[in-house]
file final-v5.pdb (PDB, C-alpha atoms)
ATOM      1  CA  MET A   1       3.237  60.443 -73.110
ATOM      2  CA  LYS A   2       6.384  59.146 -71.706
ATOM      3  CA  LEU A   3       6.087  61.315 -68.641
ATOM      4  CA  ARG A   4       2.540  60.145 -67.840
ATOM      5  CA  THR A   5       3.458  56.518 -67.898
ATOM      6  CA  ARG A   6       6.083  57.019 -65.215
ATOM      7  CA  LYS A   7       3.583  58.706 -62.901
ATOM      8  CA  ILE A   8       1.185  55.788 -62.933
ATOM      9  CA  ALA A   9       3.916  53.389 -62.189
ATOM     10  CA  VAL A  10       4.890  55.283 -59.073
ATOM     11  CA  ILE A  11       1.360  55.328 -57.736
ATOM     12  CA  LEU A  12       0.923  51.606 -58.110
ATOM     13  CA  ALA A  13       4.064  50.939 -56.208
ATOM     14  CA  LEU A  14       2.913  52.996 -53.259
ATOM     15  CA  VAL A  15      -0.391  51.180 -52.995
ATOM     16  CA  ALA A  16       1.318  47.815 -52.920
ATOM     17  CA  LEU A  17       3.601  48.795 -50.033
ATOM     18  CA  ILE A  18       0.677  49.905 -47.891
ATOM     19  CA  ARG A  19      -1.430  46.768 -48.434
ATOM     20  CA  LEU A  20       1.173  44.098 -47.713
ATOM     21  CA  PRO A  21       1.059  44.283 -43.895
ATOM     22  CA  LEU A  22      -2.733  44.116 -43.895
ATOM     23  CA  CYS A  23      -2.718  40.791 -45.735
ATOM     24  CA  ALA A  24      -5.482  41.917 -47.956
ATOM     25  CA  ASP A  25      -4.023  40.141 -50.883
ATOM     26  CA  PRO A  26      -5.747  36.718 -51.149
ATOM     27  CA  ALA A  27      -2.569  35.120 -52.297
ATOM     28  CA  PHE A  28      -0.859  35.836 -48.939
ATOM     29  CA  ALA A  29      -3.837  35.370 -46.576
ATOM     30  CA  GLY A  30      -3.897  31.579 -46.843
ATOM     31  CA  ALA A  31      -0.217  31.191 -46.152
ATOM     32  CA  LEU A  32      -0.324  33.222 -42.926
ATOM     33  CA  ALA A  33      -3.509  31.627 -41.537
ATOM     34  CA  ASN A  34      -1.920  28.235 -40.812
ATOM     35  CA  PRO A  35       0.828  29.321 -38.393
ATOM     36  CA  LEU A  36      -1.644  31.544 -36.546
ATOM     37  CA  GLN A  37      -3.959  28.563 -35.911
ATOM     38  CA  ILE A  38      -1.163  26.479 -34.471
ATOM     39  CA  SER A  39       0.030  29.010 -31.956
ATOM     40  CA  ALA A  40      -3.486  29.752 -30.734
ATOM     41  CA  VAL A  41      -4.946  26.268 -30.293
ATOM     42  CA  ILE A  42      -2.205  24.063 -28.873
ATOM     43  CA  PRO A  43      -1.204  26.045 -25.768
ATOM     44  CA  ALA A  44      -4.868  26.431 -24.810
ATOM     45  CA  GLY A  45      -5.327  22.652 -24.793
ATOM     46  CA  SER A  46      -2.239  21.673 -22.764
ATOM     47  CA  GLY A  47      -1.505  23.744 -19.711
ATOM     48  CA  VAL A  48       1.237  23.029 -17.235
ATOM     49  CA  CYS A  49       0.851  21.317 -13.860
ATOM     50  CA  VAL A  50       3.301  21.013 -11.002
ATOM     51  CA  PHE A  51       3.303  19.276  -7.656
ATOM     52  CA  ASP A  52       3.211  22.059  -5.093
ATOM     53  CA  THR A  53       6.041  20.448  -3.190
ATOM     54  CA  GLY A  54       8.540  18.339  -5.009
ATOM     55  CA  GLY A  55       7.978  15.262  -2.861
ATOM     56  CA  PRO A  56       8.751  12.530  -2.272
ATOM     57  CA  TYR A  57       5.370  11.846  -0.745
ATOM     58  CA  SER A  58       4.820   9.092   1.780
ATOM     59  CA  LEU A  59       1.969   6.678   1.760
ATOM     60  CA  ASN A  60       2.218   4.606   4.911
ATOM     61  CA  PHE A  61      -0.119   1.968   6.166
ATOM     62  CA  PRO A  62      -0.455   3.259   9.712
ATOM     63  CA  THR A  63      -1.310   0.060  11.522
ATOM     64  CA  PRO A  64       0.955  -2.966  11.393
ATOM     65  CA  LEU A  65      -0.623  -5.667   9.331
ATOM     66  CA  ASP A  66      -1.877  -8.629  11.326
ATOM     67  CA  PRO A  67      -1.496 -11.781   9.248
ATOM     68  CA  ILE A  68      -3.309 -13.971  11.776
ATOM     69  CA  THR A  69      -6.554 -12.008  11.813
ATOM     70  CA  PRO A  70      -6.210  -9.844   8.698
ATOM     71  CA  ALA A  71      -8.629  -7.101   7.851
ATOM     72  CA  PRO A  72     -10.346  -7.778   4.526
ATOM     73  CA  LEU A  73      -8.807  -4.615   3.138
ATOM     74  CA  SER A  74      -6.201  -2.313   4.675
ATOM     75  CA  THR A  75      -6.055   1.226   3.357
ATOM     76  CA  ALA A  76      -3.636   4.127   3.493
ATOM     77  CA  THR A  77      -3.977   7.592   2.009
ATOM     78  CA  VAL A  78      -1.743  10.466   1.049
ATOM     79  CA  THR A  79      -2.807  13.971   0.072
ATOM     80  CA  PHE A  80      -0.718  16.425  -1.904
ATOM     81  CA  ASN A  81      -1.490  19.492  -3.951
ATOM     82  CA  VAL A  82      -1.042  20.223  -7.615
ATOM     83  CA  THR A  83      -1.285  23.566  -9.338
ATOM     84  CA  CYS A  84      -1.922  23.970 -13.035
ATOM     85  CA  SER A  85      -1.550  27.006 -15.219
ATOM     86  CA  GLY A  86      -2.572  27.657 -18.765
ATOM     87  CA  ILE A  87      -6.044  26.313 -18.055
ATOM     88  CA  ASN A  88      -8.770  28.302 -19.783
ATOM     89  CA  GLY A  89     -12.348  28.789 -18.684
ATOM     90  CA  ASN A  90     -14.169  28.905 -15.352
ATOM     91  CA  GLU A  91     -14.979  25.210 -15.351
ATOM     92  CA  GLY A  92     -11.329  24.253 -15.234
ATOM     93  CA  LYS A  93      -9.974  21.074 -16.639
ATOM     94  CA  THR A  94      -9.607  17.436 -15.673
ATOM     95  CA  VAL A  95      -6.014  16.411 -15.140
ATOM     96  CA  ILE A  96      -4.795  12.867 -14.762
ATOM     97  CA  ILE A  97      -2.455  11.590 -12.067
ATOM     98  CA  ASP A  98      -0.941   8.312 -13.152
ATOM     99  CA  ARG A  99       2.198   6.209 -12.910
ATOM    100  CA  MET A 100       2.351   5.370 -16.629
ATOM    101  CA  ASP A 101       2.544   1.662 -15.844
ATOM    102  CA  ASN A 102      -0.186  -0.887 -15.245
ATOM    103  CA  SER A 103       1.973  -3.599 -13.718
ATOM    104  CA  GLN A 104       1.136  -5.039 -10.302
ATOM    105  CA  LEU A 105       2.618  -3.064  -7.417
ATOM    106  CA  PHE A 106       4.520  -4.841  -4.670
ATOM    107  CA  LEU A 107       5.763  -3.771  -1.266
ATOM    108  CA  LYS A 108       9.091  -5.507  -0.832
ATOM    109  CA  SER A 109      11.271  -6.715   1.991
ATOM    110  CA  GLY A 110      14.191  -8.582   0.552
ATOM    111  CA  GLU A 111      12.780 -11.472  -1.424
ATOM    112  CA  ASP A 112       9.349 -11.172   0.128
ATOM    113  CA  GLN A 113       6.577  -9.204  -1.525
ATOM    114  CA  ILE A 114       3.105  -7.971  -0.699
ATOM    115  CA  PRO A 115       0.935  -7.005  -3.659
ATOM    116  CA  TYR A 116      -0.945  -3.731  -3.281
ATOM    117  CA  SER A 117      -2.945  -1.289  -5.363
ATOM    118  CA  ILE A 118      -3.280   2.481  -5.703
ATOM    119  CA  ASN A 119      -6.296   4.190  -7.218
ATOM    120  CA  LEU A 120      -4.454   5.262 -10.335
ATOM    121  CA  PRO A 121      -5.044   6.711 -12.841
ATOM    122  CA  TYR A 122      -6.813   9.391 -10.853
ATOM    123  CA  ALA A 123      -8.791  12.201 -12.473
ATOM    124  CA  GLN A 124      -8.981  15.572 -10.763
ATOM    125  CA  ASN A 125     -10.649  18.777 -11.854
ATOM    126  CA  VAL A 126      -8.367  21.766 -11.501
ATOM    127  CA  LYS A 127      -8.705  25.465 -12.139
ATOM    128  CA  ASN A 128      -6.119  27.778 -13.488
ATOM    129  CA  LYS A 129      -3.374  28.567 -10.973
ATOM    130  CA  LYS A 130      -5.406  27.194  -8.058
ATOM    131  CA  SER A 131      -3.716  24.704  -5.750
ATOM    132  CA  THR A 132      -5.854  21.585  -5.693
ATOM    133  CA  PRO A 133      -5.567  18.676  -3.260
ATOM    134  CA  VAL A 134      -5.239  15.178  -4.625
ATOM    135  CA  THR A 135      -5.804  12.187  -2.368
ATOM    136  CA  LEU A 136      -4.505   8.804  -3.377
ATOM    137  CA  THR A 137      -5.555   5.636  -1.614
ATOM    138  CA  ALA A 138      -3.558   2.434  -1.449
ATOM    139  CA  THR A 139      -5.087  -0.870  -0.488
ATOM    140  CA  ILE A 140      -3.797  -4.270   0.555
ATOM    141  CA  ALA A 141      -6.047  -7.302   0.562
ATOM    142  CA  GLY A 142      -5.983  -9.342   3.746
ATOM    143  CA  THR A 143      -4.977 -12.441   1.861
ATOM    144  CA  ALA A 144      -1.925 -10.689   0.417
ATOM    145  CA  TYR A 145       0.245 -10.784   3.527
ATOM    146  CA  GLN A 146      -0.719 -13.992   5.290
ATOM    147  CA  GLN A 147       2.230 -15.960   3.986
ATOM    148  CA  VAL A 148       4.986 -13.401   4.383
ATOM    149  CA  PRO A 149       7.380 -13.052   7.321
ATOM    150  CA  ALA A 150       7.238 -10.167   9.728
ATOM    151  CA  GLY A 151       9.145  -7.071   8.714
ATOM    152  CA  SER A 152       9.066  -3.683   7.060
ATOM    153  CA  TYR A 153       7.945  -3.581   3.466
ATOM    154  CA  SER A 154       8.347  -0.646   1.092
ATOM    155  CA  ASP A 155       8.140   0.493  -2.475
ATOM    156  CA  ALA A 156       8.742   3.682  -4.456
ATOM    157  CA  ILE A 157       6.878   4.662  -7.579
ATOM    158  CA  THR A 158       6.909   7.669  -9.846
ATOM    159  CA  ILE A 159       3.649   9.461 -10.359
ATOM    160  CA  ASN A 160       2.847  12.015 -13.029
ATOM    161  CA  VAL A 161       0.327  14.776 -13.242
ATOM    162  CA  MET A 162      -0.745  15.398 -16.805
ATOM    163  CA  PRO A 163      -2.842  18.332 -17.904
TER     164      PRO A 163
ATOM    165  CA  MET B 164       7.853  24.531 -49.147
ATOM    166  CA  LYS B 165       5.963  26.869 -46.900
ATOM    167  CA  ARG B 166       3.426  24.146 -46.048
ATOM    168  CA  LEU B 167       6.145  21.731 -45.022
ATOM    169  CA  VAL B 168       7.611  24.197 -42.542
ATOM    170  CA  THR B 169       4.219  24.793 -40.965
ATOM    171  CA  MET B 170       3.532  21.078 -40.365
ATOM    172  CA  THR B 171       6.912  20.546 -38.759
ATOM    173  CA  ALA B 172       6.212  23.291 -36.267
ATOM    174  CA  ALA B 173       2.839  21.781 -35.386
ATOM    175  CA  ALA B 174       4.355  18.360 -34.662
ATOM    176  CA  ALA B 175       6.965  19.827 -32.350
ATOM    177  CA  ILE B 176       4.392  21.638 -30.268
ATOM    178  CA  LEU B 177       2.180  18.556 -29.962
ATOM    179  CA  VAL B 178       5.081  16.515 -28.612
ATOM    180  CA  MET B 179       5.662  19.142 -25.962
ATOM    181  CA  ALA B 180       2.023  18.973 -24.917
ATOM    182  CA  GLY B 181       2.242  15.213 -24.379
ATOM    183  CA  SER B 182       5.442  14.907 -22.400
ATOM    184  CA  ALA B 183       7.239  18.029 -21.336
ATOM    185  CA  TYR B 184       4.177  19.336 -19.473
ATOM    186  CA  ALA B 185       3.797  16.226 -17.234
ATOM    187  CA  ALA B 186       5.256  16.839 -13.783
ATOM    188  CA  THR B 187       6.588  13.878 -11.821
ATOM    189  CA  ALA B 188       7.046  13.090  -8.149
ATOM    190  CA  THR B 189       8.116  10.086  -6.142
ATOM    191  CA  LEU B 190       5.610   8.298  -3.950
ATOM    192  CA  ASN B 191       7.098   6.114  -1.221
ATOM    193  CA  THR B 192       4.803   3.442   0.146
ATOM    194  CA  SER B 193       5.409   1.355   3.219
ATOM    195  CA  ALA B 194       3.771  -1.142   5.520
ATOM    196  CA  SER B 195       4.903  -3.451   8.251
ATOM    197  CA  VAL B 196       3.837  -6.947   9.085
ATOM    198  CA  SER B 197       3.766  -7.671  12.779
ATOM    199  CA  PRO B 198       5.469 -10.667  14.318
ATOM    200  CA  LEU B 199       2.457 -12.132  16.037
ATOM    201  CA  CYS B 200       1.483 -15.421  17.591
ATOM    202  CA  LYS B 201      -1.862 -16.655  18.744
ATOM    203  CA  ALA B 202      -2.586 -19.767  20.783
ATOM    204  CA  THR B 203      -5.837 -21.641  20.942
ATOM    205  CA  VAL B 204      -6.533 -24.320  23.497
ATOM    206  CA  VAL B 205      -7.816 -27.393  21.733
ATOM    207  CA  ALA B 206      -8.094 -29.760  24.681
ATOM    208  CA  SER B 207      -7.636 -29.543  28.438
ATOM    209  CA  ILE B 208      -5.404 -31.779  30.499
ATOM    210  CA  ASP B 209      -7.219 -34.544  32.317
ATOM    211  CA  PHE B 210      -5.604 -36.806  34.925
ATOM    212  CA  GLU B 211      -8.858 -38.668  35.412
ATOM    213  CA  ALA B 212      -8.859 -40.686  38.634
ATOM    214  CA  LEU B 213      -5.901 -40.454  40.973
ATOM    215  CA  ASP B 214      -5.322 -43.318  43.358
ATOM    216  CA  PRO B 215      -3.614 -42.184  46.588
ATOM    217  CA  PHE B 216      -3.233 -45.808  47.703
ATOM    218  CA  ASN B 217      -1.587 -47.333  44.643
ATOM    219  CA  ASP B 218      -0.059 -44.526  42.597
ATOM    220  CA  THR B 219       3.647 -44.010  42.928
ATOM    221  CA  GLY B 220       6.056 -41.430  41.603
ATOM    222  CA  LEU B 221       5.148 -39.139  38.764
ATOM    223  CA  LYS B 222       1.951 -39.857  36.908
ATOM    224  CA  ASP B 223       1.225 -38.544  33.451
ATOM    225  CA  ALA B 224      -2.119 -37.070  32.585
ATOM    226  CA  VAL B 225      -4.334 -39.684  31.019
ATOM    227  CA  ALA B 226      -5.492 -37.175  28.461
ATOM    228  CA  PRO B 227      -2.836 -34.610  27.611
ATOM    229  CA  GLY B 228      -3.955 -31.209  26.597
ATOM    230  CA  SER B 229      -3.281 -29.638  23.251
ATOM    231  CA  VAL B 230      -2.788 -26.153  21.976
ATOM    232  CA  THR B 231      -2.581 -24.780  18.446
ATOM    233  CA  VAL B 232      -0.080 -21.997  17.838
ATOM    234  CA  GLN B 233      -0.465 -19.696  14.841
ATOM    235  CA  CYS B 234       2.227 -17.165  14.084
ATOM    236  CA  THR B 235       3.306 -14.795  11.388
ATOM    237  CA  GLN B 236       5.046 -16.907   8.810
ATOM    238  CA  GLY B 237       8.490 -17.997   9.954
ATOM    239  CA  THR B 238       8.300 -16.459  13.409
ATOM    240  CA  LEU B 239      10.499 -18.269  15.896
ATOM    241  CA  TYR B 240       9.033 -18.836  19.320
ATOM    242  CA  SER B 241       9.526 -20.830  22.486
ATOM    243  CA  PHE B 242       7.390 -21.896  25.410
ATOM    244  CA  ASP B 243       7.594 -20.872  29.023
ATOM    245  CA  TYR B 244       5.876 -23.087  31.544
ATOM    246  CA  GLU B 245       4.136 -21.829  34.630
ATOM    247  CA  VAL B 246       5.995 -22.639  37.788
ATOM    248  CA  GLY B 247       3.937 -24.255  40.507
ATOM    249  CA  PRO B 248       0.461 -24.588  39.028
ATOM    250  CA  LYS B 249      -1.956 -26.473  41.244
ATOM    251  CA  MET B 250      -5.305 -28.185  41.166
ATOM    252  CA  THR B 251      -7.638 -27.342  44.012
ATOM    253  CA  GLY B 252     -10.217 -29.604  45.577
ATOM    254  CA  GLY B 253     -13.663 -28.242  44.883
ATOM    255  CA  VAL B 254     -14.965 -28.963  48.377
ATOM    256  CA  ASN B 255     -11.990 -29.236  50.650
ATOM    257  CA  GLY B 256      -9.556 -26.870  48.953
ATOM    258  CA  PHE B 257      -6.699 -29.329  49.061
ATOM    259  CA  LEU B 258      -3.950 -28.436  46.611
ATOM    260  CA  ILE B 259      -2.245 -30.875  44.269
ATOM    261  CA  PRO B 260       0.810 -29.483  42.418
ATOM    262  CA  ILE B 261       1.156 -29.918  38.671
ATOM    263  CA  TYR B 262       4.507 -30.517  36.962
ATOM    264  CA  PRO B 263       4.577 -29.301  33.363
ATOM    265  CA  VAL B 264       6.443 -31.312  30.778
ATOM    266  CA  ALA B 265       8.413 -29.402  28.186
ATOM    267  CA  ILE B 266       7.027 -29.441  24.654
ATOM    268  CA  ALA B 267       9.363 -30.998  22.145
ATOM    269  CA  GLY B 268       9.719 -30.369  18.433
ATOM    270  CA  VAL B 269       8.814 -26.685  18.273
ATOM    271  CA  VAL B 270       8.741 -25.547  14.651
ATOM    272  CA  PRO B 271       8.805 -22.010  13.166
ATOM    273  CA  GLY B 272       5.462 -20.285  13.054
ATOM    274  CA  SER B 273       2.922 -20.470  10.308
ATOM    275  CA  ILE B 274      -0.504 -19.065   9.712
ATOM    276  CA  ALA B 275      -1.896 -22.555   9.292
ATOM    277  CA  GLY B 276      -0.709 -23.244  12.810
ATOM    278  CA  THR B 277       0.925 -26.131  14.627
ATOM    279  CA  THR B 278      -0.842 -28.181  17.264
ATOM    280  CA  TYR B 279       1.236 -29.339  20.203
ATOM    281  CA  GLU B 280       0.454 -31.922  22.807
ATOM    282  CA  VAL B 281       0.705 -30.376  26.275
ATOM    283  CA  LYS B 282       1.715 -32.854  28.900
ATOM    284  CA  ALA B 283       1.799 -32.512  32.647
ATOM    285  CA  GLN B 284       2.378 -34.755  35.601
ATOM    286  CA  VAL B 285       1.364 -35.069  39.199
ATOM    287  CA  ASN B 286       3.426 -36.664  41.940
ATOM    288  CA  ALA B 287       1.745 -39.371  43.964
ATOM    289  CA  ALA B 288       3.491 -38.091  47.048
ATOM    290  CA  ASP B 289       1.591 -34.819  46.680
ATOM    291  CA  TYR B 290      -1.845 -36.383  46.896
ATOM    292  CA  VAL B 291      -1.317 -39.358  49.118
ATOM    293  CA  ASN B 292      -3.189 -37.468  51.825
ATOM    294  CA  ALA B 293      -5.670 -35.773  49.559
ATOM    295  CA  PRO B 294      -9.348 -36.245  50.392
ATOM    296  CA  ALA B 295     -11.674 -37.573  47.792
ATOM    297  CA  ASP B 296     -12.860 -34.639  45.753
ATOM    298  CA  ALA B 297     -12.970 -33.219  42.282
ATOM    299  CA  TYR B 298      -9.842 -31.197  41.580
ATOM    300  CA  ALA B 299      -9.392 -28.537  38.978
ATOM    301  CA  GLY B 300      -6.979 -25.798  38.148
ATOM    302  CA  THR B 301      -5.330 -23.837  35.383
ATOM    303  CA  TYR B 302      -1.920 -24.027  33.877
ATOM    304  CA  THR B 303      -0.517 -21.137  31.919
ATOM    305  CA  LEU B 304       1.655 -21.802  28.923
ATOM    306  CA  THR B 305       3.457 -18.713  27.661
ATOM    307  CA  ILE B 306       4.639 -18.319  24.071
ATOM    308  CA  ASN B 307       7.691 -16.123  23.609
ATOM    309  CA  TYR B 308       8.306 -14.708  20.138
TER     310      TYR B 308
END
call {"tool": "encode", "arguments": {"input": "final-v5.pdb", "output": "structure tokens"}}
result
Amino acid sequence: MKLRTRKIAVILALVALIRLPLCADPAFAGALANPLQISAVIPAGSGVCVFDTGGPYSLNFPTPLDPITPAPLSTATVTFNVTCSGINGNEGKTVIIDRMDNSQLFLKSGEDQIPYSINLPYAQNVKNKKSTPVTLTATIAGTAYQQVPAGSYSDAITINVMP
Amino acid sequence: MKRLVTMTAAAAILVMAGSAYAATATLNTSASVSPLCKATVVASIDFEALDPFNDTGLKDAVAPGSVTVQCTQGTLYSFDYEVGPKMTGGVNGFLIPIYPVAIAGVVPGSIAGTTYEVKAQVNAADYVNAPADAYAGTYTLTINY
């Protein structure tokens, strides 16, 4: 009788060692499910984007502004490429190019300023690991530079690409 | 205890998705404003009737001309006056010299513009022998800026 009891005990112990890695025990299945969900979902929703060249990029109004007979709207464009990785699916994903600031932009020359605008935030569809051109357009209203002295005006802003 | 550890890990990964994955670049923008001036003739110079018998010396135009100068704000400028402009008789071709008078009180440019009176003179000695005719000519005023 004593001998038989020992045999059963050994068998039970063996079964338990085999089943632990398979998570078949309901008491352990719930605890392991949560960390698996986190690692699967969050990377798929983020991705990583980079500017193909580090910049800085230049957005120059090509023609000198004429304050006497101003154009209603002067425009300048710049095109650069961004590449994103970690994007799932054939349809790609919309990324946002923005400057994280909604304040009025000004071209400056000493104390003098010319207000201008850039079409930001800008939404662009990208596909995984495919270099995608982004064109930004800046505009200056004709009335914005009629009361400023002649000279060179400039500004520098930081733009972000967010997957 | 196990649940607390799991939630902390989730928060850390979400923060990474919102900030660390955003790439940045600098965008330099530039434009230039030209120093420009524009002149518009408002009125022509008119000497009206010249009298070769009674006029003496220099005679001002009865009606001076005027010109409005618009410039980029604050632009400094000056005038140059044509040397030796003349009026020509419409029928006989007789020439009467014009003597420009310098414009005084030039102010820095503005988009609104400044209107200047443009004066000129003729010398009676130059038309004492002029035949009766209608005389006309042009006078070029140059703006340097």
call {"tool": "interface_residues", "arguments": {"input": "final-v5.pdb", "of": "chain B", "to": "chain A", "cutoff": "7 Å", "atoms": "all atoms listed in the file", "output": "PyMOL selection string"}}
result
chain B and resi 169+173+180+184-198+234-237+274
call {"tool": "atom_distance", "arguments": {"input": "final-v5.pdb", "atom1": "atom CA of A:Thr83", "atom2": "atom CA of A:Gln124"}}
result
11.2 Å
call {"tool": "residues_near_point", "arguments": {"input": "final-v5.pdb", "point": "(-4.3, -30.4, 26.6)", "cutoff": "8 Å", "atoms": "all atoms listed in the file", "output": "PyMOL selection string"}}
result
chain B and resi 204-209+226-230+280-282
call {"tool": "resolve_selection", "arguments": {"input": "final-v5.pdb", "expression": "the PyMOL selection byres ((chain B and resi 252) around 6)", "output": "PDB file with C-alpha atoms, keeping the file's coordinate frame"}}
result
ATOM      1  CA  THR B 251      -7.638 -27.342  44.012  1.00  0.00           C
ATOM      2  CA  GLY B 253     -13.663 -28.242  44.883  1.00  0.00           C
ATOM      3  CA  VAL B 254     -14.965 -28.963  48.377  1.00  0.00           C
ATOM      4  CA  ASN B 255     -11.990 -29.236  50.650  1.00  0.00           C
ATOM      5  CA  GLY B 256      -9.556 -26.870  48.953  1.00  0.00           C
ATOM      6  CA  PHE B 257      -6.699 -29.329  49.061  1.00  0.00           C
ATOM      7  CA  ASP B 296     -12.860 -34.639  45.753  1.00  0.00           C
ATOM      8  CA  ALA B 297     -12.970 -33.219  42.282  1.00  0.00           C
ATOM      9  CA  TYR B 298      -9.842 -31.197  41.580  1.00  0.00           C
TER      10      TYR B 298
END
call {"tool": "resolve_selection", "arguments": {"input": "final-v5.pdb", "expression": "the PyMOL selection byres ((chain B and resi 202) around 12)", "output": "list in words"}}
result
Ile68 of chain A; Leu199, Cys200, Lys201, Thr203, Val204, Val205, Ser229, Val230, Thr231, Val232, Gln233, Cys234, Tyr240, Phe242, Gly272, Ser273, Ile274, Ala275, Gly276, Thr277, Thr278, Tyr279, Thr303, Leu304, Thr305, Ile306 and Asn307 of chain B
call {"tool": "resolve_selection", "arguments": {"input": "final-v5.pdb", "expression": "the PyMOL selection byres ((chain B and resi 285) around 7)", "output": "NGL selection string"}}
result
:B and (221-223 or 260-262 or 284 or 286-287)
call {"tool": "atom_distance", "arguments": {"input": "final-v5.pdb", "atom1": "atom CA of B:Ala288", "atom2": "atom CA of B:Pro215"}}
result
8.2 Å
call {"tool": "atom_distance", "arguments": {"input": "final-v5.pdb", "atom1": "atom CA of B:Met250", "atom2": "atom CA of B:Ala283"}}
result
11.9 Å
call {"tool": "residues_around", "arguments": {"input": "final-v5.pdb", "residues": "A:Val134", "least_positions_apart": "2", "cutoff": "6 Å", "atoms": "all atoms listed in the file", "output": "PyMOL selection string"}}
result
chain A and resi 79-81
